[in-house]
Structures are given as C-alpha cells and as structure tokens.
$ cat coords_14.txt   # compact mmCIF, C-alpha atoms
# COMPACT_ATOMS: atom_id res chain seq x y z
CA MET A 121 -47.52 5.81 -2.14
CA ALA A 122 -48.53 4.58 -5.58
CA ASN A 123 -49.54 0.98 -5.97
CA PRO A 124 -46.76 -0.89 -7.86
CA ILE A 125 -49.40 -2.34 -10.16
CA GLU A 126 -50.71 1.05 -11.15
CA GLN A 127 -47.90 1.63 -13.67
CA PHE A 128 -49.35 -1.09 -15.87
CA LYS A 129 -52.70 0.64 -16.08
CA ILE A 130 -53.79 1.64 -19.54
CA GLN A 131 -55.05 5.17 -19.88
CA PRO A 132 -57.01 6.11 -22.98
CA LEU A 133 -55.70 9.39 -24.31
CA VAL A 134 -57.99 9.69 -27.32
CA PRO A 135 -61.09 7.49 -27.02
CA LEU A 136 -61.98 5.99 -30.39
CA LYS A 137 -64.56 3.48 -31.44
CA VAL A 138 -64.87 2.06 -34.94
CA ALA A 139 -67.70 -0.34 -35.81
CA GLY A 140 -68.29 -1.09 -32.17
CA VAL A 141 -64.63 -1.98 -31.55
CA ASP A 142 -62.67 0.07 -29.07
CA ILE A 143 -59.48 1.29 -30.72
CA SER A 144 -58.72 4.15 -28.34
CA PHE A 145 -55.31 5.75 -28.56
CA THR A 146 -53.84 4.91 -25.16
CA ASN A 147 -50.56 5.41 -23.37
CA SER A 148 -49.58 1.97 -24.68
CA SER A 149 -50.37 3.04 -28.25
CA ALA A 150 -48.40 6.24 -27.70
CA MET A 151 -45.34 4.25 -26.66
CA MET A 152 -45.69 1.95 -29.66
CA VAL A 153 -45.85 4.96 -31.97
CA LEU A 154 -42.94 6.58 -30.15
CA SER A 155 -40.96 3.34 -30.49
CA ILE A 156 -41.39 2.95 -34.22
CA CYS A 157 -40.65 6.64 -34.76
CA ALA A 158 -37.52 6.37 -32.61
CA ILE A 159 -36.40 3.19 -34.38
CA THR A 160 -36.94 4.64 -37.84
CA LEU A 161 -35.32 7.96 -37.04
CA PHE A 162 -32.37 6.24 -35.37
CA LEU A 163 -31.78 3.86 -38.25
CA THR A 164 -32.20 6.39 -41.05
CA LEU A 165 -30.54 9.47 -39.57
CA SER A 166 -27.54 7.52 -38.35
CA VAL A 167 -26.61 6.20 -41.80
CA ARG A 168 -27.54 9.42 -43.61
CA SER A 169 -23.90 10.36 -44.17
CA ARG A 170 -23.13 6.84 -45.51
CA ALA A 171 -19.67 7.22 -44.03
CA LEU A 172 -17.08 4.65 -45.00
CA VAL A 173 -15.68 4.85 -41.50
CA PRO A 174 -18.80 4.99 -39.34
CA GLY A 175 -19.35 7.40 -36.49
CA ARG A 176 -20.93 6.48 -33.17
CA TRP A 177 -24.55 6.47 -34.30
CA GLN A 178 -23.88 4.77 -37.59
CA SER A 179 -21.83 2.07 -35.83
CA MET A 180 -24.75 1.41 -33.52
CA ALA A 181 -27.20 1.05 -36.40
CA GLU A 182 -24.74 -1.24 -38.19
CA VAL A 183 -24.20 -3.28 -35.04
CA PHE A 184 -27.94 -3.91 -34.74
CA TYR A 185 -28.20 -4.80 -38.40
CA GLU A 186 -25.26 -7.17 -38.37
CA PHE A 187 -26.23 -8.65 -35.02
CA ILE A 188 -29.67 -9.71 -36.27
CA ALA A 189 -28.35 -10.68 -39.71
CA GLY A 190 -25.71 -12.85 -38.02
CA MET A 191 -28.25 -14.37 -35.65
CA LEU A 192 -30.48 -15.28 -38.57
CA ARG A 193 -27.56 -16.63 -40.60
CA ASP A 194 -26.24 -18.75 -37.73
CA ASN A 195 -29.60 -20.12 -36.63
CA VAL A 196 -31.57 -20.38 -39.85
CA GLY A 197 -29.04 -20.27 -42.65
CA SER A 198 -29.29 -18.63 -46.03
CA GLU A 199 -32.99 -19.50 -46.40
CA GLY A 200 -33.68 -17.14 -43.53
CA ARG A 201 -32.65 -14.06 -45.50
CA LYS A 202 -36.15 -13.22 -46.67
CA TYR A 203 -37.44 -13.19 -43.09
CA PHE A 204 -34.73 -10.74 -42.04
CA PRO A 205 -36.95 -7.61 -42.13
CA PHE A 206 -39.55 -9.32 -39.97
CA ILE A 207 -37.07 -10.66 -37.42
CA PHE A 208 -35.28 -7.32 -37.36
CA SER A 209 -38.54 -5.41 -36.83
CA LEU A 210 -39.52 -7.86 -34.09
CA PHE A 211 -36.21 -7.39 -32.27
CA MET A 212 -36.26 -3.60 -32.54
CA PHE A 213 -39.91 -3.38 -31.53
CA VAL A 214 -39.39 -5.49 -28.41
CA LEU A 215 -36.07 -3.85 -27.57
CA PHE A 216 -37.40 -0.30 -27.85
CA GLY A 217 -40.55 -1.29 -25.97
CA ASN A 218 -38.41 -2.62 -23.14
CA VAL A 219 -35.87 0.21 -23.08
CA LEU A 220 -38.23 3.14 -23.62
CA GLY A 221 -40.43 1.61 -20.93
CA MET A 222 -37.56 2.18 -18.50
CA LEU A 223 -37.75 5.93 -19.05
CA PRO A 224 -39.94 7.83 -16.60
CA LEU A 225 -41.84 9.69 -19.32
CA PRO A 226 -44.74 11.86 -18.17
CA VAL A 227 -48.30 10.85 -19.15
CA ILE A 228 -47.35 8.21 -21.71
CA GLY A 229 -44.57 6.45 -19.73
CA PHE A 230 -45.45 2.79 -20.20
CA THR A 231 -43.95 -0.57 -21.10
CA TYR A 232 -46.12 -2.23 -23.73
CA THR A 233 -44.07 -5.43 -23.53
CA SER A 234 -45.28 -5.84 -19.94
CA HIS A 235 -48.75 -6.61 -21.25
CA VAL A 236 -49.35 -10.24 -21.94
CA ILE A 237 -51.84 -9.55 -24.70
CA VAL A 238 -49.14 -7.68 -26.67
CA THR A 239 -46.42 -10.27 -26.17
CA PHE A 240 -48.88 -13.08 -26.84
CA ALA A 241 -50.04 -11.45 -30.07
CA MET A 242 -46.42 -11.20 -31.24
CA ALA A 243 -45.65 -14.75 -30.15
CA LEU A 244 -48.76 -15.99 -31.91
CA VAL A 245 -47.78 -14.25 -35.14
CA VAL A 246 -44.37 -15.93 -34.91
CA PHE A 247 -45.93 -19.30 -34.08
CA LEU A 248 -48.55 -19.19 -36.85
CA GLY A 249 -46.06 -17.82 -39.35
CA VAL A 250 -43.52 -20.51 -38.54
CA THR A 251 -46.16 -23.24 -38.74
CA ALA A 252 -47.38 -21.91 -42.08
CA ILE A 253 -43.79 -21.82 -43.40
CA GLY A 254 -43.25 -25.38 -42.18
CA PHE A 255 -46.34 -26.71 -43.92
CA SER A 256 -45.72 -24.78 -47.12
CA ARG A 257 -42.14 -26.08 -47.34
CA HIS A 258 -42.68 -29.67 -46.29
CA GLY A 259 -46.40 -30.28 -46.78
CA LEU A 260 -47.79 -33.00 -44.56
CA HIS A 261 -44.25 -34.21 -43.98
CA TYR A 262 -44.03 -31.32 -41.50
CA LEU A 263 -46.06 -33.51 -39.12
CA ARG A 264 -42.85 -35.53 -38.77
CA MET A 265 -41.88 -32.78 -36.33
CA PHE A 266 -44.02 -34.61 -33.78
CA PHE A 267 -42.47 -38.02 -34.36
CA PRO A 268 -38.82 -38.02 -35.33
CA GLU A 269 -37.56 -40.33 -38.06
CA GLY A 270 -36.02 -43.55 -36.78
CA ALA A 271 -37.76 -43.60 -33.42
CA PRO A 272 -39.31 -47.00 -32.57
CA ILE A 273 -43.02 -47.03 -33.35
CA ALA A 274 -43.85 -48.11 -29.82
CA THR A 275 -42.54 -44.84 -28.42
CA ALA A 276 -45.10 -42.90 -30.44
CA VAL A 277 -47.57 -43.10 -27.59
CA ILE A 278 -45.24 -41.07 -25.40
CA LEU A 279 -43.31 -39.06 -27.97
CA ILE A 280 -46.17 -37.58 -29.96
CA PRO A 281 -47.99 -36.06 -26.97
CA ILE A 282 -44.72 -34.67 -25.63
CA GLU A 283 -43.78 -33.15 -28.96
CA LEU A 284 -47.28 -31.76 -29.43
CA ILE A 285 -47.26 -30.15 -26.01
CA SER A 286 -43.79 -28.72 -26.49
CA TYR A 287 -44.75 -27.39 -29.92
CA PHE A 288 -47.98 -25.77 -28.82
CA SER A 289 -46.51 -24.34 -25.67
CA ARG A 290 -44.04 -22.31 -27.72
CA PRO A 291 -46.19 -19.20 -28.12
CA PHE A 292 -47.15 -19.28 -24.45
CA SER A 293 -43.60 -19.62 -23.20
CA LEU A 294 -42.45 -16.94 -25.62
CA ALA A 295 -45.20 -14.56 -24.54
CA VAL A 296 -45.09 -15.25 -20.82
CA ARG A 297 -41.29 -15.04 -20.59
CA LEU A 298 -41.19 -11.51 -21.93
CA PHE A 299 -44.31 -10.31 -20.18
CA ALA A 300 -43.30 -11.75 -16.79
CA ASN A 301 -39.76 -10.42 -16.97
CA MET A 302 -40.93 -6.92 -17.77
CA THR A 303 -43.74 -6.92 -15.22
CA VAL A 304 -41.65 -8.25 -12.37
CA GLY A 305 -38.77 -5.93 -13.14
CA HIS A 306 -40.99 -2.88 -13.11
CA ILE A 307 -42.73 -3.97 -9.91
CA ILE A 308 -39.36 -4.37 -8.17
CA LEU A 309 -38.28 -0.94 -9.39
CA LYS A 310 -41.49 0.62 -8.14
CA VAL A 311 -41.32 -1.09 -4.75
CA MET A 312 -37.68 -0.09 -4.30
CA GLY A 313 -38.53 3.45 -5.32
CA GLY A 314 -41.26 3.43 -2.69
CA PHE A 315 -38.74 2.33 -0.06
CA VAL A 316 -36.37 5.13 -1.03
CA VAL A 317 -39.11 7.70 -0.61
CA SER A 318 -40.64 6.34 2.59
CA LEU A 319 -37.35 5.63 4.38
CA GLY A 320 -35.57 8.70 3.07
CA ALA A 321 -38.40 10.88 4.30
CA PHE A 322 -37.55 10.06 7.89
CA TYR A 323 -33.80 9.68 7.88
CA LEU A 324 -31.24 10.20 5.19
CA ILE A 325 -29.13 7.12 5.90
CA PRO A 326 -31.81 4.38 5.72
CA GLY A 327 -32.94 5.79 2.38
CA VAL A 328 -29.47 5.40 0.91
CA VAL A 329 -29.56 1.62 1.14
CA PRO A 330 -32.68 1.07 -1.00
CA PHE A 331 -31.45 3.83 -3.29
CA ALA A 332 -28.19 1.97 -3.94
CA PHE A 333 -30.18 -1.19 -4.47
CA LEU A 334 -32.55 0.66 -6.80
CA SER A 335 -29.62 1.94 -8.84
CA ALA A 336 -28.19 -1.53 -9.21
CA ILE A 337 -31.59 -2.97 -10.10
CA THR A 338 -32.06 -0.24 -12.71
CA VAL A 339 -28.82 -1.24 -14.41
CA LEU A 340 -29.90 -4.88 -14.21
CA GLU A 341 -33.28 -4.00 -15.72
CA PHE A 342 -31.62 -2.34 -18.70
CA GLY A 343 -29.65 -5.53 -19.15
CA ILE A 344 -32.83 -7.58 -18.91
CA ALA A 345 -34.53 -5.27 -21.43
CA LEU A 346 -31.76 -6.07 -23.92
CA LEU A 347 -31.56 -9.74 -22.99
CA GLN A 348 -35.28 -10.39 -23.27
CA ALA A 349 -35.45 -8.75 -26.68
CA TYR A 350 -32.55 -10.99 -27.69
CA VAL A 351 -34.20 -14.11 -26.24
CA PHE A 352 -37.52 -13.37 -27.93
CA THR A 353 -35.76 -12.93 -31.26
CA ILE A 354 -33.40 -15.88 -31.05
CA LEU A 355 -36.23 -18.23 -30.05
CA SER A 356 -38.18 -16.99 -33.07
CA CYS A 357 -35.11 -17.76 -35.18
CA ILE A 358 -34.85 -21.24 -33.72
CA TYR A 359 -38.52 -21.94 -34.42
CA LEU A 360 -37.97 -20.68 -37.94
CA HIS A 361 -35.02 -23.02 -38.29
CA ASP A 362 -37.16 -25.95 -37.18
CA ALA A 363 -39.81 -25.03 -39.72
CA ILE A 364 -37.32 -24.74 -42.56
CA HIS A 365 -34.95 -27.61 -41.83
CA MET A 366 -37.14 -29.73 -39.54
CA HIS A 367 -35.15 -31.02 -36.56
CA MET B 54 -53.56 -6.76 -12.57
CA PRO B 55 -54.36 -4.44 -15.46
CA GLN B 56 -52.66 -6.94 -17.79
CA PHE B 57 -55.56 -9.32 -17.43
CA ASP B 58 -58.29 -6.76 -17.90
CA PRO B 59 -59.91 -7.53 -21.27
CA THR B 60 -61.30 -4.00 -21.63
CA PHE B 61 -58.13 -2.81 -23.31
CA PHE B 62 -57.25 -5.92 -25.30
CA ALA B 63 -58.88 -4.63 -28.45
CA PRO B 64 -57.18 -1.21 -28.61
CA GLN B 65 -53.83 -2.75 -27.74
CA LEU B 66 -54.12 -5.38 -30.41
CA PHE B 67 -55.26 -2.81 -32.95
CA TRP B 68 -52.39 -0.43 -32.22
CA LEU B 69 -49.89 -3.27 -32.02
CA ALA B 70 -50.92 -4.50 -35.46
CA LEU B 71 -50.91 -1.00 -36.90
CA THR B 72 -47.57 0.09 -35.45
CA PHE B 73 -45.83 -3.21 -36.06
CA PHE B 74 -46.99 -3.35 -39.66
CA THR B 75 -45.87 0.26 -40.13
CA LEU B 76 -42.51 -0.55 -38.57
CA TYR B 77 -42.16 -3.61 -40.81
CA MET B 78 -42.87 -1.52 -43.89
CA LEU B 79 -40.51 1.27 -42.78
CA MET B 80 -37.74 -1.24 -42.12
CA THR B 81 -38.30 -3.14 -45.38
CA VAL B 82 -38.61 -0.09 -47.61
CA ILE B 83 -36.35 2.50 -46.02
CA ALA B 84 -34.09 1.60 -43.12
CA LEU B 85 -32.73 -1.86 -43.92
CA PRO B 86 -31.88 -1.22 -47.60
CA LYS B 87 -30.09 1.94 -46.51
CA ILE B 88 -27.94 0.23 -43.89
CA GLY B 89 -27.46 -2.76 -46.18
CA ALA B 90 -26.27 -0.46 -48.95
CA VAL B 91 -23.77 1.22 -46.62
CA LEU B 92 -22.44 -2.15 -45.48
CA ASP B 93 -22.29 -3.51 -49.03
CA GLU B 94 -20.50 -0.43 -50.22
CA ARG B 95 -17.93 -0.75 -47.47
CA GLN B 96 -17.47 -4.43 -48.21
CA ARG B 97 -17.08 -3.67 -51.89
CA LYS B 98 -14.56 -0.95 -51.18
CA ILE B 99 -12.58 -3.26 -48.91
CA ASP B 100 -12.66 -6.01 -51.53
CA ASP B 101 -11.62 -3.51 -54.18
CA ASN B 102 -8.71 -2.36 -52.09
CA LEU B 103 -7.69 -5.93 -51.37
CA ASP B 104 -7.85 -6.72 -55.07
CA LYS B 105 -5.82 -3.66 -55.86
CA ALA B 106 -3.26 -4.59 -53.21
CA ALA B 107 -3.01 -8.11 -54.59
CA GLN B 108 -2.60 -6.71 -58.08
CA LEU B 109 0.10 -4.29 -56.96
CA LYS B 110 1.84 -7.09 -55.13
CA ALA B 111 1.79 -9.24 -58.25
CA GLU B 112 3.14 -6.32 -60.25
CA ALA B 113 5.91 -5.76 -57.72
CA GLU B 114 6.78 -9.43 -57.82
CA ALA B 115 6.86 -9.37 -61.60
CA ALA B 116 9.13 -6.33 -61.47
CA VAL B 117 11.43 -8.09 -59.01
CA ALA B 118 11.50 -11.17 -61.26
CA ALA B 119 12.25 -9.05 -64.32
CA TYR B 120 14.99 -7.25 -62.44
CA GLU B 121 16.56 -10.48 -61.29
CA LYS B 122 16.34 -11.91 -64.79
CA ALA B 123 18.01 -8.80 -66.20
CA LEU B 124 20.62 -9.00 -63.49
CA ALA B 125 21.32 -12.66 -64.23
CA GLU B 126 21.45 -11.95 -67.95
CA SER B 127 23.87 -9.09 -67.60
CA ARG B 128 25.95 -11.12 -65.22
CA ALA B 129 26.12 -13.93 -67.74
CA HIS B 130 26.90 -11.45 -70.47
CA ALA B 131 29.67 -9.88 -68.42
CA HIS B 132 31.00 -13.33 -67.73
CA SER B 133 31.14 -14.21 -71.39
CA VAL B 134 32.74 -10.88 -72.26
CA ILE B 135 35.40 -11.40 -69.61
CA LYS B 136 35.99 -14.95 -70.76
CA GLU B 137 36.26 -13.90 -74.36
CA ALA B 138 38.66 -11.11 -73.50
CA SER B 139 40.83 -13.34 -71.37
CA ASP B 140 40.85 -16.02 -74.05
CA ARG B 141 41.83 -13.49 -76.65
CA LEU B 142 44.53 -12.06 -74.41
CA ALA B 143 45.81 -15.53 -73.62
CA THR B 144 46.11 -16.50 -77.27
CA GLU B 145 47.68 -13.16 -78.09
CA ALA B 146 50.17 -13.54 -75.27
CA GLU B 147 50.94 -17.06 -76.35
CA ALA B 148 51.53 -15.96 -79.93
CA ARG B 149 53.75 -13.14 -78.84
CA ASN B 150 55.60 -15.48 -76.54
CA ARG B 151 56.14 -17.95 -79.29
CA GLU B 152 57.34 -15.25 -81.64
CA LEU B 153 59.68 -13.90 -79.03
CA ASN B 154 60.98 -17.37 -78.29
CA ALA B 155 61.58 -17.96 -81.97
CA ARG B 156 63.38 -14.67 -82.35
CA LEU B 157 65.46 -15.32 -79.26
CA ALA B 158 66.30 -18.81 -80.48
CA GLU B 159 67.35 -17.36 -83.79
CA GLN B 160 69.47 -14.72 -82.10
CA ILE B 161 70.99 -17.35 -79.86
CA LYS B 162 71.78 -19.48 -82.86
CA ALA B 163 73.33 -16.51 -84.67
CA GLY B 164 75.33 -15.65 -81.58
CA GLU B 165 76.56 -19.20 -81.26
CA ALA B 166 77.57 -19.20 -84.92
CA ARG B 167 79.37 -15.93 -84.42
CA ILE B 168 81.08 -17.27 -81.31
CA ALA B 169 82.11 -20.43 -83.19
CA SER B 170 83.52 -18.45 -86.08
CA ALA B 171 85.27 -16.08 -83.66
CA LYS B 172 86.64 -19.09 -81.84
CA ASP B 173 87.86 -20.65 -85.07
CA ALA B 174 89.43 -17.36 -86.06
CA ALA B 175 91.02 -17.07 -82.64
CA MET B 176 92.25 -20.66 -82.87
CA ALA B 177 93.76 -19.98 -86.23
CA ASN B 178 95.42 -16.87 -84.80
CA VAL B 179 96.69 -18.89 -81.88
CA ARG B 180 98.31 -21.33 -84.28
CA ASP B 181 99.97 -18.52 -86.30
CA VAL B 182 101.11 -16.81 -83.12
CA ALA B 183 102.43 -20.13 -81.78
CA LEU B 184 104.21 -20.76 -85.05
CA ASP B 185 105.74 -17.29 -84.95
CA VAL B 186 106.69 -17.57 -81.29
CA ALA B 187 108.06 -21.05 -81.73
CA GLY B 188 109.97 -20.01 -84.90
CA ALA B 189 111.42 -16.97 -83.14
CA ALA B 190 112.33 -19.02 -80.07
CA ILE B 191 114.05 -21.66 -82.14
CA ALA B 192 115.87 -19.02 -84.11
CA ARG B 193 117.11 -17.44 -80.93
CA LEU B 194 118.00 -20.66 -79.24
CA VAL B 195 119.34 -22.67 -82.12
CA GLY B 196 120.23 -19.95 -84.57
CA GLY B 197 119.08 -20.20 -88.08
CA ALA B 198 115.56 -20.90 -89.28
CA ALA B 199 113.77 -23.97 -88.19
CA ASP B 200 112.24 -26.50 -90.44
CA ASN B 201 108.78 -25.13 -91.15
CA ALA B 202 107.10 -28.48 -91.66
CA ARG B 203 108.33 -29.94 -88.35
CA LEU B 204 107.43 -26.75 -86.55
CA GLU B 205 103.92 -26.83 -87.88
CA ALA B 206 103.54 -30.47 -86.86
CA ALA B 207 104.87 -29.74 -83.37
CA VAL B 208 102.51 -26.74 -82.90
CA ALA B 209 99.59 -28.78 -84.13
CA ALA B 210 100.51 -31.59 -81.72
CA ALA B 211 100.79 -29.11 -78.83
CA LEU B 212 97.47 -27.54 -79.71
CA GLU B 213 95.98 -30.95 -79.93
CA GLU B 214 97.34 -31.83 -76.54
CA HIS B 215 96.03 -28.69 -74.76
CA GLY B 216 92.62 -29.09 -76.23
CA LYS B 217 91.13 -26.67 -78.58

$ encode --input "coords_14.txt" --output "structure tokens"
Amino acid sequence: MANPIEQFKIQPLVPLKVAGVDISFTNSSAMMVLSICAITLFLTLSVRSRALVPGRWQSMAEVFYEFIAGMLRDNVGSEGRKYFPFIFSLFMFVLFGNVLGMLPLPVIGFTYTSHVIVTFAMALVVFLGVTAIGFSRHGLHYLRMFFPEGAPIATAVILIPIELISYFSRPFSLAVRLFANMTVGHIILKVMGGFVVSLGAFYLIPGVVPFAFLSAITVLEFGIALLQAYVFTILSCIYLHDAIHMH
Amino acid sequence: MPQFDPTFFAPQLFWLALTFFTLYMLMTVIALPKIGAVLDERQRKIDDNLDKAAQLKAEAEAAVAAYEKALAESRAHAHSVIKEASDRLATEAEARNRELNARLAEQIKAGEARIASAKDAAMANVRDVALDVAGAAIARLVGGAADNARLEAAVAAALEEHGK
C-alpha cells in the first residue's frame, strides 16, 4: 500500500536548469498551469454569449466575480477596487489548486496548495504588499498599527510586542492554515482509501464501512477546499483593510 | 515530508510566480473586463427598463389626470348648461303664466261685466214683467186700469223688499 505521504512528492517531468537554478517543470507546475488554463477558459468561455439572462456556466462565472467583488467591497470598501484583480486571481488560484487537487489525475495529480513553500510565498506576497500599501498611504503613521491611539503610554511595553507578534505572524498563519488543511485532508483520504482496499480485499462488508466514511470525507474535503480558498482570500482582504484604514 | 524538502523549493517558487503572474494578467486583461462588461450591461439594461417603466407610469398618471380634468370640466359644463336651460325655462314659464293669468283676469272681468249687464237687463225685465202682471191682475180684480204711478212705486217697493 502506498505511503500516505507519497502523494505530496514532487516529480520533475521536464528537468530544467537556468543559471544554476533548478526550474524543472514538475507535477506541481503542471497543476498550476492546468489551473490557470482551466480558470481562464472557464471565465472566458462561460461569458462568451454575453447573455442577458445567464445560463449555468455564465451564472457560475458571475457568482465568483460578484462574490469576490462583494467581499472586497464589504471588507475594504471602495478603495479596494483596484486590488480586485489580484484578490480575484488569488482566490481562483487557491480554489482551483484545492479542487483540482481532489481529482485523481494520472501522472500530474497533485495539490500545490498542500506545499508550504507555495502557500507561504503567496502569503508573503500578500503580507509584503499590504505592508507596502500601508506605508505608502500613511507613511510612518502606519507604525501606529502597533500602538493604538488613546492607549495609555504605560501599556506600550505590553501592547507593542503583542501587536508586532500578531502582525508578523500573519503570513505564517495564512500559509500554515492552508497548507495544513490541504495536507491533513489528503492524508486522511489516502489512509481511508488504504483501509477500503485492505479490508475490502478480505471481506466485502468490512470494506463498506471505510468506504462510506471515505465518501463522506471526500464531500467534506471539497467543502474544505472551497472554505480554505475563501478564508485565505477574506483574511487577505482584512489585512488590506487594516493597511488602508488602519484599525 | 516532501513539503519540507528544499530541493524543489526553487522550481515551485519559479512556476508559482510565472503561473500566478500569467493568471493575474489574464484576469486583468481578458476575463474580468469581460464579466464586468456583461454585469454592467445587465445593470444598465435593468436601470433602463426601470427608467422606462417609471416614465410610462408618469405618462399614465398624467393621462389619468388629464382625463379626470376633462371629466370634471365637462361635468361642470353640463351643469351650467342644465342650469341655464332650467333658468330659461323657468323664466319662460313664469312669463307665460303671468300672461295667461292676465288674460284670464281680463276674461273674468269681461264675464263679470257681461253678467252684471245681463243681470241689470234681467232686473229691468223683471220690473216690466211685474208691472205688466200687476197691471193685468189689478185690471182683472178691480176692473179698469190702475194708476200707473202707484203701481210703479209698489213694484219698486216689492223689488226692493225681495232684494235685487
């Protein structure tokens, strides 16, 4: 039986090396490319007819668009409009990474959001971008983030370290939340699948129980795939709100 | 865990950057404007239709107001026409009434005059007849003609007594 960790292994499909840096095209890269192709095709083909009364596919594309636009409007306000393409891309990229990772695709089947380096890179881009926006909008006043207006000066000793820690732990919590959810979910699926095979090989009945459980967990994992993409995006929106409006 | 193996950090980061940047550009340039245009167009069409509906409603209300105004006007007009006609008829009837009354009064007066003259004539006749009767009676009873002057006085006294 396959090791449940093995599914996270990266397999180079086309080894590449440029200026001493390994940039091999791997199964992870293949899924990323597949994701952006799927996202683009989905969003462009579905609205091709520009129907006034949308069909199924067009409604779905519109739902995504309005969902993220609404999230940005509610959490950031009108100043957030110019970050809409970024937030939308972030949501779709994470969502398709999570959902396509659930498909048992041959050779390239892989969940790139289950790799902490990927989620951390995205979280870091959000974190650095938000910090840059904060400083460019408020200048040094942005440092007020770490010591709220009106707080007694004596509390600075406690408040500033707490605020600093909470601020700098943002990219880590953002990255680890997504990575851990995806990893654990896929491990559970794999382990359950192993149970189905090993128990079902001997008797039919004992295999049914883990199979039912596996089915339920699969549904749950699709929910988590959606939810984690949502959480990643809404937290990015909230950080963006903090940077634009301060607390 | 393969997640913590740094061997594949570089290719993952490279492909993440490449694909995410590509996705960002695709979304910014192609997909989002397209969906946004569809949504805007729908919103515009809905707003247009709402505007049109509001305009039609206003028009309908104006038409109703005009209709009611016309109705009130014609009602008032009809009222005045009726009033005028009834006034005219009333005055006409009054005039005719008065004329008729006058003519009747005249006729009555003429009739009364005629009755009075007829009565006078009849009274005069009665006196002659009484004179004749009385003369004849006296002649038969007494024999010979009666004294005319005394007879006339007696008849006049009798007539006087019985009321004219």

$ atom_distance --input "coords_14.txt" --atom1 "atom CA of Asn102 of chain B" --atom2 "atom CA of Ile188 of chain A"
27.3 Å

$ interface_residues --input "coords_14.txt" --of "chain B" --to "chain A" --cutoff "12 Å" --atoms "only C-alpha atoms" --output "PyMOL selection string"
chain B and resi 54-99

$ residues_around --input "coords_14.txt" --residues "Cys357 of chain A" --least-positions-apart "6" --cutoff "8 Å" --atoms "all atoms listed in the file" --output "list of chain:residue names"
A:Met191, A:Leu192, A:Asn195, A:Val196, A:Ile207

$ atom_distance --input "coords_14.txt" --atom1 "atom CA of Ile364 of chain A" --atom2 "atom CA of Gly254 of chain A"
6.0 Å

$ closest_residue --input "coords_14.txt" --among "B:Ala115, B:Ala171, B:Ala211, B:Ala198" --to "Ala183 of chain B" --atoms "only C-alpha atoms"
B:Ala211

$ atom_distance --input "coords_14.txt" --atom1 "atom CA of Tyr287 of chain A" --atom2 "atom CA of Leu215 of chain A"
25.2 Å

$ residues_around --input "coords_14.txt" --residues "Asn218 of chain A" --least-positions-apart "4" --cutoff "8 Å" --atoms "all atoms listed in the file" --output "list of chain:residue names"
A:Val214, A:Met222, A:Thr231, A:Tyr232, A:Thr233, A:Met302, A:Ala345, A:Leu346, A:Ala349

$ build_atoms --input "coords_14.txt" --residues "segment 130-149 of chain A" --atoms "N, CA and C atoms" --output "tab-separated table (two decimals), in the frame of the given file"
chain	number	residue	atom	x	y	z
A	130	ILE	N	-53.69	1.01	-18.22
A	130	ILE	CA	-53.79	1.64	-19.54
A	130	ILE	C	-54.73	2.83	-19.44
A	131	GLN	N	-54.22	3.97	-19.91
A	131	GLN	CA	-55.05	5.17	-19.88
A	131	GLN	C	-55.38	5.61	-21.30
A	132	PRO	N	-56.65	5.62	-21.65
A	132	PRO	CA	-57.01	6.11	-22.98
A	132	PRO	C	-56.72	7.60	-23.08
A	133	LEU	N	-55.99	7.97	-24.11
A	133	LEU	CA	-55.70	9.39	-24.31
A	133	LEU	C	-56.71	10.00	-25.29
A	134	VAL	N	-56.97	9.26	-26.35
A	134	VAL	CA	-57.99	9.69	-27.32
A	134	VAL	C	-58.97	8.54	-27.50
A	135	PRO	N	-60.12	8.60	-26.87
A	135	PRO	CA	-61.09	7.49	-27.02
A	135	PRO	C	-61.59	7.41	-28.47
A	136	LEU	N	-61.54	6.20	-29.00
A	136	LEU	CA	-61.98	5.99	-30.39
A	136	LEU	C	-62.79	4.71	-30.43
A	137	LYS	N	-63.77	4.69	-31.29
A	137	LYS	CA	-64.56	3.48	-31.44
A	137	LYS	C	-64.96	3.35	-32.90
A	138	VAL	N	-64.54	2.26	-33.53
A	138	VAL	CA	-64.87	2.06	-34.94
A	138	VAL	C	-65.65	0.76	-35.06
A	139	ALA	N	-66.83	0.82	-35.61
A	139	ALA	CA	-67.70	-0.34	-35.81
A	139	ALA	C	-67.85	-1.14	-34.51
A	140	GLY	N	-68.03	-0.44	-33.45
A	140	GLY	CA	-68.29	-1.09	-32.17
A	140	GLY	C	-67.03	-1.62	-31.50
A	141	VAL	N	-65.87	-1.49	-32.17
A	141	VAL	CA	-64.63	-1.98	-31.55
A	141	VAL	C	-63.86	-0.79	-30.98
A	142	ASP	N	-63.42	-0.98	-29.75
A	142	ASP	CA	-62.67	0.07	-29.07
A	142	ASP	C	-61.24	0.11	-29.60
A	143	ILE	N	-60.88	1.18	-30.26
A	143	ILE	CA	-59.48	1.29	-30.72
A	143	ILE	C	-58.88	2.60	-30.19
A	144	SER	N	-59.20	2.90	-28.94
A	144	SER	CA	-58.72	4.15	-28.34
A	144	SER	C	-57.20	4.25	-28.40
A	145	PHE	N	-56.75	5.48	-28.61
A	145	PHE	CA	-55.31	5.75	-28.56
A	145	PHE	C	-54.93	5.89	-27.09
A	146	THR	N	-54.16	4.92	-26.59
A	146	THR	CA	-53.84	4.91	-25.16
A	146	THR	C	-52.37	5.22	-24.94
A	147	ASN	N	-51.98	5.22	-23.66
A	147	ASN	CA	-50.56	5.41	-23.37
A	147	ASN	C	-49.72	4.29	-23.99
A	148	SER	N	-50.28	3.08	-24.04
A	148	SER	CA	-49.58	1.97	-24.68
A	148	SER	C	-49.39	2.25	-26.17
A	149	SER	N	-50.47	2.70	-26.82
A	149	SER	CA	-50.37	3.04	-28.25
A	149	SER	C	-49.34	4.14	-28.46
